[in-house]
Each structure stands twice: as C-alpha cells, then as structure tokens.
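**Q** Input: one structure, supplied below.
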Amino acid sequence: MALNNKTSANLVAWMMIEDVAPAGFELTQFDTDAGVVAEQIAEVQADMTLDGKLVVGYTPNPQVVNITLQPTSPAVPYFRELQQTQRTRKQPLQVDLTVSFPATGRNYVFSGGVLTQGTAMPGGNRVQGVLNFQFTFEKVA
C-alpha cells in the first residue's frame with residue numbers, strides 16, 4: 001500500500017433498503033467531487049451562562065449523509081423505487097449504509113436511516129447533471 005494513500009477511487013458503498021433491496025446493492029458511479037459525504041454534527045451543546053460559565057451537555061444528533069450519483073448509476077432505480085414506495089405507503093422505509101475506504105482501511109456503518117431528500121431528475125445541461133440524495137441516520141459506528 002502506498003505511503004499516506006487517501007484515495008477515494010476504490011471506495012466501496014453498500015446500501016440496504018427495507019422492502020426494496022433488503023439483501024443490499026453496491027453503489028457505483030459517484031460524482032467526482034462529492035460521492036459520499038457525511039455532514040458535520042454537533043457532538044456537544046455548549047452554552048454560556050449570564051455570569052460567564054460554560055455549561056455543556058451531550059445530546060445525540062442524527063447523522064446526515066449526502067450521496068451524489070451520475071444519472072447512469074445502477075443504484076438510481078433502487079433510489080427511485082424507494083421514493084415511489086414511500087410516496088405510495090405514506091411512510092419512510094429504513095435504510096442502512098456501509099462505506100469502506102480500502103486506502104485507509106476504514107469502514108463506516110450507518111444504521112436506522114431514511115431518505116430525507118432526493119433530486120427529481122438530473123439537470124438538463126450540456127450533459128445530464130448529477131443526482132443528489134440525502135439520507136439521515138440514527139447512528140454511525
């Protein structure tokens with residue numbers, strides 16, 4: 001393995017969707033600049049009191065993950081079925097996601113999630129634009 005290798009080119013992402021793809025499927029054909037991105041979360045809430053004392057407390061927060069795919073990705077039909085099933089049933093479906101970075105040997109397991117936002121169609125630009133999907137997870141390990 002190359003010294004200080006941090007490539008994402010060999011990233012592996014696997015998603016399971018309740019009732020749509022319970023056995024899971026691999027995500028491929030990510031956008032070059034924003035494939036799978038976990039947003040920052042507040043780990044601790046910190047407040048100052050009127051008399052200048054810092055008070056802190058741990059509060060669990062959801063973990064938001066954005067996935068950006070090319071419109072040709074084989075994962076898009078799964079996401080479309082997820083969206084349609086949620087609309088038909090009028091209830092969210094559970095989603096779990098595992099992301100592995102072989103270059104650094106790190107794995108991230110997101111569980112208890114739901115699709116919270118999705119792009120209706122790729123942008124009709126010179127070439128079709130990417131599709132953005134946002135998932136919110138209960139926890140990450």
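So you can find residues: chains in the structure tokens are A, B, ... in the order shown, residues in each start at 1, and ligands are numbered from 1 in order.
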Please provide as number ranges by chain all residues within 10 Å of region 42-51 of chain A, with the sequence filter that same-chain residues fewer than 6 positions apart are discarded (counting only C-alpha atoms).

**A** A: 57-63

**Q** Output N, CA, C and O atoms for every residue in that selection, as a PDB file, in the first residue's frame.

**A**
ATOM      1  N   GLY A  57     -23.415  19.818  27.455  1.00  0.00           N
ATOM      2  CA  GLY A  57     -24.161  18.569  27.571  1.00  0.00           C
ATOM      3  C   GLY A  57     -24.112  17.804  26.274  1.00  0.00           C
ATOM      4  O   GLY A  57     -24.138  18.384  25.188  1.00  0.00           O
ATOM      5  N   TYR A  58     -24.014  16.497  26.424  1.00  0.00           N
ATOM      6  CA  TYR A  58     -24.059  15.642  25.238  1.00  0.00           C
ATOM      7  C   TYR A  58     -25.515  15.428  24.851  1.00  0.00           C
ATOM      8  O   TYR A  58     -26.359  15.112  25.694  1.00  0.00           O
ATOM      9  N   THR A  59     -25.811  15.623  23.590  1.00  0.00           N
ATOM     10  CA  THR A  59     -27.136  15.370  23.050  1.00  0.00           C
ATOM     11  C   THR A  59     -26.967  14.602  21.751  1.00  0.00           C
ATOM     12  O   THR A  59     -26.243  15.053  20.861  1.00  0.00           O
ATOM     13  N   PRO A  60     -27.597  13.443  21.622  1.00  0.00           N
ATOM     14  CA  PRO A  60     -27.484  12.701  20.356  1.00  0.00           C
ATOM     15  C   PRO A  60     -28.055  13.520  19.194  1.00  0.00           C
ATOM     16  O   PRO A  60     -29.035  14.246  19.365  1.00  0.00           O
ATOM     17  N   ASN A  61     -27.432  13.417  18.068  1.00  0.00           N
ATOM     18  CA  ASN A  61     -27.884  14.108  16.864  1.00  0.00           C
ATOM     19  C   ASN A  61     -27.887  13.136  15.699  1.00  0.00           C
ATOM     20  O   ASN A  61     -27.053  12.230  15.635  1.00  0.00           O
ATOM     21  N   PRO A  62     -28.798  13.329  14.747  1.00  0.00           N
ATOM     22  CA  PRO A  62     -28.798  12.465  13.572  1.00  0.00           C
ATOM     23  C   PRO A  62     -27.587  12.751  12.687  1.00  0.00           C
ATOM     24  O   PRO A  62     -27.054  13.858  12.694  1.00  0.00           O
ATOM     25  N   GLN A  63     -27.160  11.740  11.944  1.00  0.00           N
ATOM     26  CA  GLN A  63     -26.029  11.879  11.022  1.00  0.00           C
ATOM     27  C   GLN A  63     -26.570  11.962   9.606  1.00  0.00           C
ATOM     28  O   GLN A  63     -27.225  11.035   9.134  1.00  0.00           O
TER      29      GLN A  63
END

**Q** To one decimal place in Å, what is the distance between CA of Val109 (chain A) and CA of Gln134 (chain A)?

**A** 16.0 Å

**Q** Between A:Ile17, A:Phe30, A:Glu39, A:Arg126, which one has atoms that come closest to Thr85 (chain A), using only C-alpha atoms?

**A**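 Checking each of A:Ile17, A:Phe30, A:Glu39, A:Arg126 against Thr85 (chain A), counting only C-alpha atoms, the winner is A:Ile17.
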
**Q** Could you check which of A:Val64, A:Gly124, A:Gly112, A:Thr72 is closest to Thr28 (chain A), using only C-alpha atoms?

**A**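 Ranked by minimum distance to Thr28 (chain A), first place goes to A:Thr72.
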
**Q** Write out as a VMD selection string the residues lying within 7 Å of Glu18 (chain A), counting only C-alpha atoms and excluding same-chain residues fewer than 2 positions away.

**A** chain A and resid 16 20 to 22 93 to 95

**Q** Please provide the set of residues having any atom within 10 Å of Gln29 (chain A), restricted to only C-alpha atoms, with same-chain residues fewer than 5 positions apart removed, written as a short mmCIF file (atom, residue, chain, number, x, y, z; two decimals) with N, CA, C and O atoms, in the first residue's frame.

**A**
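See out.cif below for the written result:
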data_model
loop_
_atom_site.label_atom_id
_atom_site.label_comp_id
_atom_site.auth_asym_id
_atom_site.auth_seq_id
_atom_site.Cartn_x
_atom_site.Cartn_y
_atom_site.Cartn_z
N GLY A 35 -18.93 12.27 -3.82
CA GLY A 35 -19.55 10.96 -3.90
C GLY A 35 -20.41 10.61 -2.71
O GLY A 35 -21.63 10.56 -2.79
N THR A 68 -24.07 11.53 -4.05
CA THR A 68 -24.22 12.16 -5.36
C THR A 68 -23.79 11.18 -6.43
O THR A 68 -22.65 10.71 -6.44
N LEU A 69 -24.73 10.85 -7.31
CA LEU A 69 -24.51 9.84 -8.34
C LEU A 69 -24.68 10.41 -9.74
O LEU A 69 -25.43 11.37 -9.95
N GLN A 70 -23.99 9.80 -10.68
CA GLN A 70 -24.23 10.10 -12.08
C GLN A 70 -25.59 9.52 -12.47
O GLN A 70 -26.04 8.53 -11.88
N PRO A 71 -26.29 10.11 -13.43
CA PRO A 71 -27.62 9.60 -13.80
C PRO A 71 -27.58 8.20 -14.40
O PRO A 71 -28.61 7.54 -14.48
N THR A 72 -26.40 7.72 -14.74
CA THR A 72 -26.24 6.37 -15.31
C THR A 72 -25.97 5.31 -14.25
O THR A 72 -25.82 4.13 -14.58
N SER A 73 -25.91 5.70 -12.98
CA SER A 73 -25.58 4.76 -11.91
C SER A 73 -26.63 3.65 -11.80
O SER A 73 -27.83 3.92 -11.81
N PRO A 74 -26.19 2.39 -11.67
CA PRO A 74 -27.14 1.28 -11.47
C PRO A 74 -27.92 1.39 -10.16
O PRO A 74 -28.93 0.70 -9.98
N ALA A 75 -27.52 2.26 -9.25
CA ALA A 75 -28.23 2.44 -7.98
C ALA A 75 -29.47 3.33 -8.13
O ALA A 75 -30.36 3.27 -7.29
N VAL A 76 -29.52 4.14 -9.17
CA VAL A 76 -30.63 5.09 -9.32
C VAL A 76 -32.00 4.40 -9.32
O VAL A 76 -32.91 4.86 -8.64
#

**Q** Would you pick out the contacts of Thr7 (chain A) at 9 Å or less, using only C-alpha atoms, so that residues sharing its chain but fewer than 4 positions from it are not included, and give the list as a VMD selection string?

**A** chain A and resid 11 101 to 104

**Q** Quick one: of A:Ile67, A:Leu97, A:Leu3, A:Met121, who's nearest to Asp31 (chain A), counting only C-alpha atoms?

**A**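 Under the stated criterion, the closest residue is A:Ile67.
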
**Q** List the spatial neighbours of Ser111 (chain A) as a PyMOL selection string - criterion: any atom at most 6 Å away, only C-alpha atoms, same-chain residues fewer than 4 positions off excluded.

**A** chain A and resi 96+137+139

**Q** For the residues in the current selection, export N, CA and C atoms as a PDB file, in the first residue's frame.

**A**
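Final output, saved to part-v4.pdb:
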ATOM      1  N   ASP A  96     -29.954   1.317   5.541  1.00  0.00           N
ATOM      2  CA  ASP A  96     -28.661   1.145   6.197  1.00  0.00           C
ATOM      3  C   ASP A  96     -27.573   1.275   5.144  1.00  0.00           C
ATOM      4  N   PHE A 137     -29.417   9.345   9.295  1.00  0.00           N
ATOM      5  CA  PHE A 137     -29.240   8.091  10.032  1.00  0.00           C
ATOM      6  C   PHE A 137     -29.286   8.337  11.527  1.00  0.00           C
ATOM      7  N   LYS A 139     -27.580   6.447  13.733  1.00  0.00           N
ATOM      8  CA  LYS A 139     -26.243   6.311  14.306  1.00  0.00           C
ATOM      9  C   LYS A 139     -25.228   5.858  13.267  1.00  0.00           C
TER      10      LYS A 139
END

**Q** What parts of region 26-128 of chain A does DSSP call helix (DSSP H, G or I)? I'd like the answer as a PyMOL selection string.

**A** chain A and resi 76-89

**Q** Can you list every residue in chain A that DSSP puts in strand (DSSP E), as number ranges by chain?

**A** A: 12-17, 21-27, 36-38, 44-48, 54-58, 63-69, 95-101, 106-118, 131-137, 139-140

**Q** Find, counting only C-alpha atoms, the residue in A:Thr32, A:Thr116, A:Ser8, A:Gln128 that gets nearest to Phe79 (chain A).

**A**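 Smallest distance to Phe79 (chain A) is found for A:Thr116.
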